[in-house]
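So the structure is just underneath, and the comments pick up after that.
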Amino acid sequence: MGYDKGKLSREQIIEAGTGVVLAKGYAATTIADLSHAAHTSAGKLTHHFPTKGRLFEAIFGSLMEDMEAGPLATLADAALSPKKRIHGFLDGMYRLYAKQPNPIGCPLGHAAGDSDGVSAVMKEKAFKTLQRITSLFDKAFRDLGDAPGMARVKANLFVNTWQGAIVVARAGEGLEHIGRVFRYLKEIVPLSC
């Protein structure tokens, strides 16, 4: 990213570290990975973030802000039609993943699934966010006219398919796989109408 080593800001470190964390996960990411991505020394990283855990929390917080302001805001926007909420969420998530040079990973999946390198606060926020997303999908499907039980099934199907698609993408299928799966999910929505 070509940072000036003497003037590295917190935001630049977070930006550089985000790509590493999304590609490798929190547990597998080392200080050496983070300092290499930021084009600086480990000592200069600790000027802004005294521990790897603090940097991880900052990265996670930044990713959650992007998700809250974009895809989650769309999924929660009751002024939009249910179909637009669902499609907007999927499109927004795809755009967030596509912003990274070496995708693919999900900040929620990594935080919920990594047993090492993730604070209890991060893990709890990830689980609560996944539950919120499931509830918002459930509401969108009920708004489309699905019975409560079917809406719940579809909501869980969407969240589990989304997170499963990321695992397959990380295994080698890449961002194209995410796009393909999201298109399939979008095709399910009109079937509810």
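Chain labels follow the order of the structure tokens: the first chain is A, the next B, and so on; residue numbering restarts at 1 in every chain, and ligands are counted from 1 in their shown order.
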Contacts of Thr134 (chain A) at 10 Å (only C-alpha atoms; same-chain gap of 4+ positions) as an mmCIF file with N, CA and C atoms, in the first residue's frame:
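Here's the written file part-v9.cif:
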data_model
loop_
_atom_site.group_PDB
_atom_site.id
_atom_site.type_symbol
_atom_site.label_atom_id
_atom_site.label_comp_id
_atom_site.auth_asym_id
_atom_site.auth_seq_id
_atom_site.Cartn_x
_atom_site.Cartn_y
_atom_site.Cartn_z
ATOM 1 N N LYS A 128 -23.898 -12.049 18.456
ATOM 2 C CA LYS A 128 -25.086 -11.187 18.520
ATOM 3 C C LYS A 128 -25.411 -10.593 17.148
ATOM 4 N N THR A 129 -24.390 -10.234 16.393
ATOM 5 C CA THR A 129 -24.623 -9.684 15.060
ATOM 6 C C THR A 129 -25.201 -10.750 14.142
ATOM 7 N N LEU A 130 -24.683 -11.968 14.213
ATOM 8 C CA LEU A 130 -25.251 -13.061 13.405
ATOM 9 C C LEU A 130 -26.708 -13.323 13.794
ATOM 10 N N ASP A 138 -35.468 -13.044 8.948
ATOM 11 C CA ASP A 138 -36.749 -13.614 9.361
ATOM 12 C C ASP A 138 -37.869 -12.600 9.151
ATOM 13 N N LYS A 139 -37.649 -11.364 9.592
ATOM 14 C CA LYS A 139 -38.661 -10.317 9.433
ATOM 15 C C LYS A 139 -38.924 -10.036 7.958
ATOM 16 N N ALA A 140 -37.872 -9.978 7.156
ATOM 17 C CA ALA A 140 -38.047 -9.716 5.723
ATOM 18 C C ALA A 140 -38.877 -10.821 5.072
ATOM 19 N N ALA A 151 -40.404 -18.561 7.533
ATOM 20 C CA ALA A 151 -39.525 -17.389 7.531
ATOM 21 C C ALA A 151 -38.266 -17.676 8.341
ATOM 22 N N ARG A 152 -38.435 -18.331 9.487
ATOM 23 C CA ARG A 152 -37.295 -18.678 10.334
ATOM 24 C C ARG A 152 -36.362 -19.652 9.621
ATOM 25 N N VAL A 153 -36.947 -20.643 8.950
ATOM 26 C CA VAL A 153 -36.148 -21.619 8.199
ATOM 27 C C VAL A 153 -35.343 -20.918 7.107
ATOM 28 N N LYS A 154 -35.999 -20.041 6.356
ATOM 29 C CA LYS A 154 -35.304 -19.331 5.279
ATOM 30 C C LYS A 154 -34.224 -18.407 5.830
ATOM 31 N N ALA A 155 -34.512 -17.747 6.938
ATOM 32 C CA ALA A 155 -33.512 -16.856 7.537
ATOM 33 C C ALA A 155 -32.265 -17.642 7.915
ATOM 34 N N ASN A 156 -32.452 -18.783 8.563
ATOM 35 C CA ASN A 156 -31.312 -19.622 8.932
ATOM 36 C C ASN A 156 -30.601 -20.163 7.703
ATOM 37 N N LEU A 157 -31.366 -20.529 6.692
ATOM 38 C CA LEU A 157 -30.783 -21.008 5.439
ATOM 39 C C LEU A 157 -29.891 -19.934 4.819
ATOM 40 N N PHE A 158 -30.366 -18.698 4.787
ATOM 41 C CA PHE A 158 -29.589 -17.605 4.190
ATOM 42 C C PHE A 158 -28.298 -17.348 4.963
ATOM 43 N N VAL A 159 -28.388 -17.273 6.282
ATOM 44 C CA VAL A 159 -27.194 -16.997 7.077
ATOM 45 C C VAL A 159 -26.203 -18.162 6.970
ATOM 46 N N ASN A 160 -26.679 -19.381 7.084
ATOM 47 C CA ASN A 160 -25.778 -20.531 7.010
ATOM 48 C C ASN A 160 -25.179 -20.698 5.616
#
> In terms of the shortest atom-to-atom distance over only C-alpha atoms, which of A:Ala112, A:Arg142, A:Pro107, A:Val181 is closest to Ala23 (chain A)?
Replying inline: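 For Ala23 (chain A), the nearest of the candidates is A:Pro107.
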> Do you know which residues are at most 9 Å from Asp114 (chain A) counting only C-alpha atoms, after dropping those on the same chain fewer than 5 positions away, and could you put them as a list in words?
Replying inline: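 Contacts, with the query itself left out: Gly25, Tyr26, Ala27, Ala28, Gly109 and Lys123 of chain A.
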Residues from last step as file, N, CA, C and O atoms, as a CSV table (one decimal), in the first residue's frame:
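Final output, selection16.csv:
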chain,number,residue,atom,x,y,z
A,25,GLY,N,-7.6,-15.2,9.0
A,25,GLY,CA,-8.3,-15.4,10.3
A,25,GLY,C,-7.4,-14.8,11.4
A,25,GLY,O,-6.2,-14.5,11.2
A,26,TYR,N,-8.0,-14.5,12.6
A,26,TYR,CA,-7.3,-13.9,13.7
A,26,TYR,C,-6.3,-14.8,14.2
A,26,TYR,O,-5.1,-14.4,14.5
A,27,ALA,N,-6.6,-16.1,14.5
A,27,ALA,CA,-5.7,-17.0,15.1
A,27,ALA,C,-4.4,-17.2,14.4
A,27,ALA,O,-3.4,-17.4,14.9
A,28,ALA,N,-4.5,-17.3,13.0
A,28,ALA,CA,-3.3,-17.5,12.2
A,28,ALA,C,-2.5,-16.3,11.9
A,28,ALA,O,-1.4,-16.4,11.3
A,109,GLY,N,-17.6,-14.5,10.8
A,109,GLY,CA,-17.2,-15.9,10.9
A,109,GLY,C,-15.9,-16.1,11.6
A,109,GLY,O,-15.7,-17.0,12.4
A,123,LYS,N,-16.0,-12.0,20.2
A,123,LYS,CA,-16.8,-13.3,20.0
A,123,LYS,C,-18.3,-13.0,20.3
A,123,LYS,O,-19.2,-13.4,19.5
> With distances taken over only C-alpha atoms, which of A:Thr29, A:Gln131, A:Tyr184, A:Leu96 is nearest to Glu65 (chain A)?
Replying inline: A:Leu96
>> Please report the interatomic distance between CA of Ile133 (chain A) and CA of Val21 (chain A) in Å with one decimal.
In response: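 Here the two named atoms are 21.9 Å from each other.
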> Pick from A:Lys84, A:Gly117, A:Arg170, A:Gly92: nearest to Lys52 (chain A), with only C-alpha atoms counted?
Replying inline: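 Ranked by minimum distance to Lys52 (chain A), first place goes to A:Gly117.
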>> So, with only C-alpha atoms as the atoms that count, which of A:Gln100, A:Thr74, A:Thr161, A:Gln12 lies closest to Leu136 (chain A)?
In response: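 Selected residue with least distance to Leu136 (chain A): A:Thr74.
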>> Just list as a PyMOL selection string whatever in region 3-193 of chain A DSSP marks as helix (DSSP H, G or I).
In response: chain A and resi 5-7+10-24+31-37+42-48+52-76+82-98+107-113+120-143+148-192
Env of Phe60 (chain A): 9 Å cut, atoms = only C-alpha atoms, seq-sep filter 3 positions within chain, self excluded. Answer as an mmCIF file with N, CA and C atoms, in the first residue's frame.
data_model
loop_
_atom_site.group_PDB
_atom_site.id
_atom_site.type_symbol
_atom_site.label_atom_id
_atom_site.label_comp_id
_atom_site.auth_asym_id
_atom_site.auth_seq_id
_atom_site.Cartn_x
_atom_site.Cartn_y
_atom_site.Cartn_z
ATOM 1 N N THR A 18 -6.527 -5.451 8.090
ATOM 2 C CA THR A 18 -7.824 -6.028 7.726
ATOM 3 C C THR A 18 -7.671 -7.093 6.649
ATOM 4 N N LEU A 55 -5.050 -4.534 18.403
ATOM 5 C CA LEU A 55 -5.152 -4.280 16.964
ATOM 6 C C LEU A 55 -6.301 -5.097 16.376
ATOM 7 N N PHE A 56 -6.433 -6.351 16.796
ATOM 8 C CA PHE A 56 -7.543 -7.171 16.318
ATOM 9 C C PHE A 56 -8.883 -6.544 16.670
ATOM 10 N N GLU A 57 -9.001 -6.023 17.884
ATOM 11 C CA GLU A 57 -10.249 -5.371 18.287
ATOM 12 C C GLU A 57 -10.536 -4.146 17.422
ATOM 13 N N LEU A 63 -14.432 -3.160 10.802
ATOM 14 C CA LEU A 63 -15.241 -4.010 9.915
ATOM 15 C C LEU A 63 -16.712 -3.976 10.315
ATOM 16 N N MET A 64 -16.980 -3.977 11.613
ATOM 17 C CA MET A 64 -18.365 -3.934 12.079
ATOM 18 C C MET A 64 -19.016 -2.585 11.743
ATOM 19 N N GLU A 65 -18.250 -1.499 11.838
ATOM 20 C CA GLU A 65 -18.788 -0.185 11.453
ATOM 21 C C GLU A 65 -19.185 -0.177 9.982
ATOM 22 N N PRO A 107 -15.597 -11.137 8.717
ATOM 23 C CA PRO A 107 -15.248 -10.712 10.073
ATOM 24 C C PRO A 107 -16.093 -11.401 11.134
ATOM 25 N N LEU A 108 -17.333 -11.690 10.822
ATOM 26 C CA LEU A 108 -18.196 -12.367 11.797
ATOM 27 C C LEU A 108 -17.793 -13.824 11.954
ATOM 28 N N ALA A 111 -14.435 -14.078 13.784
ATOM 29 C CA ALA A 111 -14.541 -13.741 15.206
ATOM 30 C C ALA A 111 -15.331 -14.797 15.969
ATOM 31 N N MET A 122 -15.258 -9.569 21.323
ATOM 32 C CA MET A 122 -15.395 -9.731 19.866
ATOM 33 C C MET A 122 -16.285 -10.919 19.543
#
> Mind pulling up the distance from CA of Gly172 (chain A) to CA of Ile14 (chain A)?
Replying inline: 25.2 Å
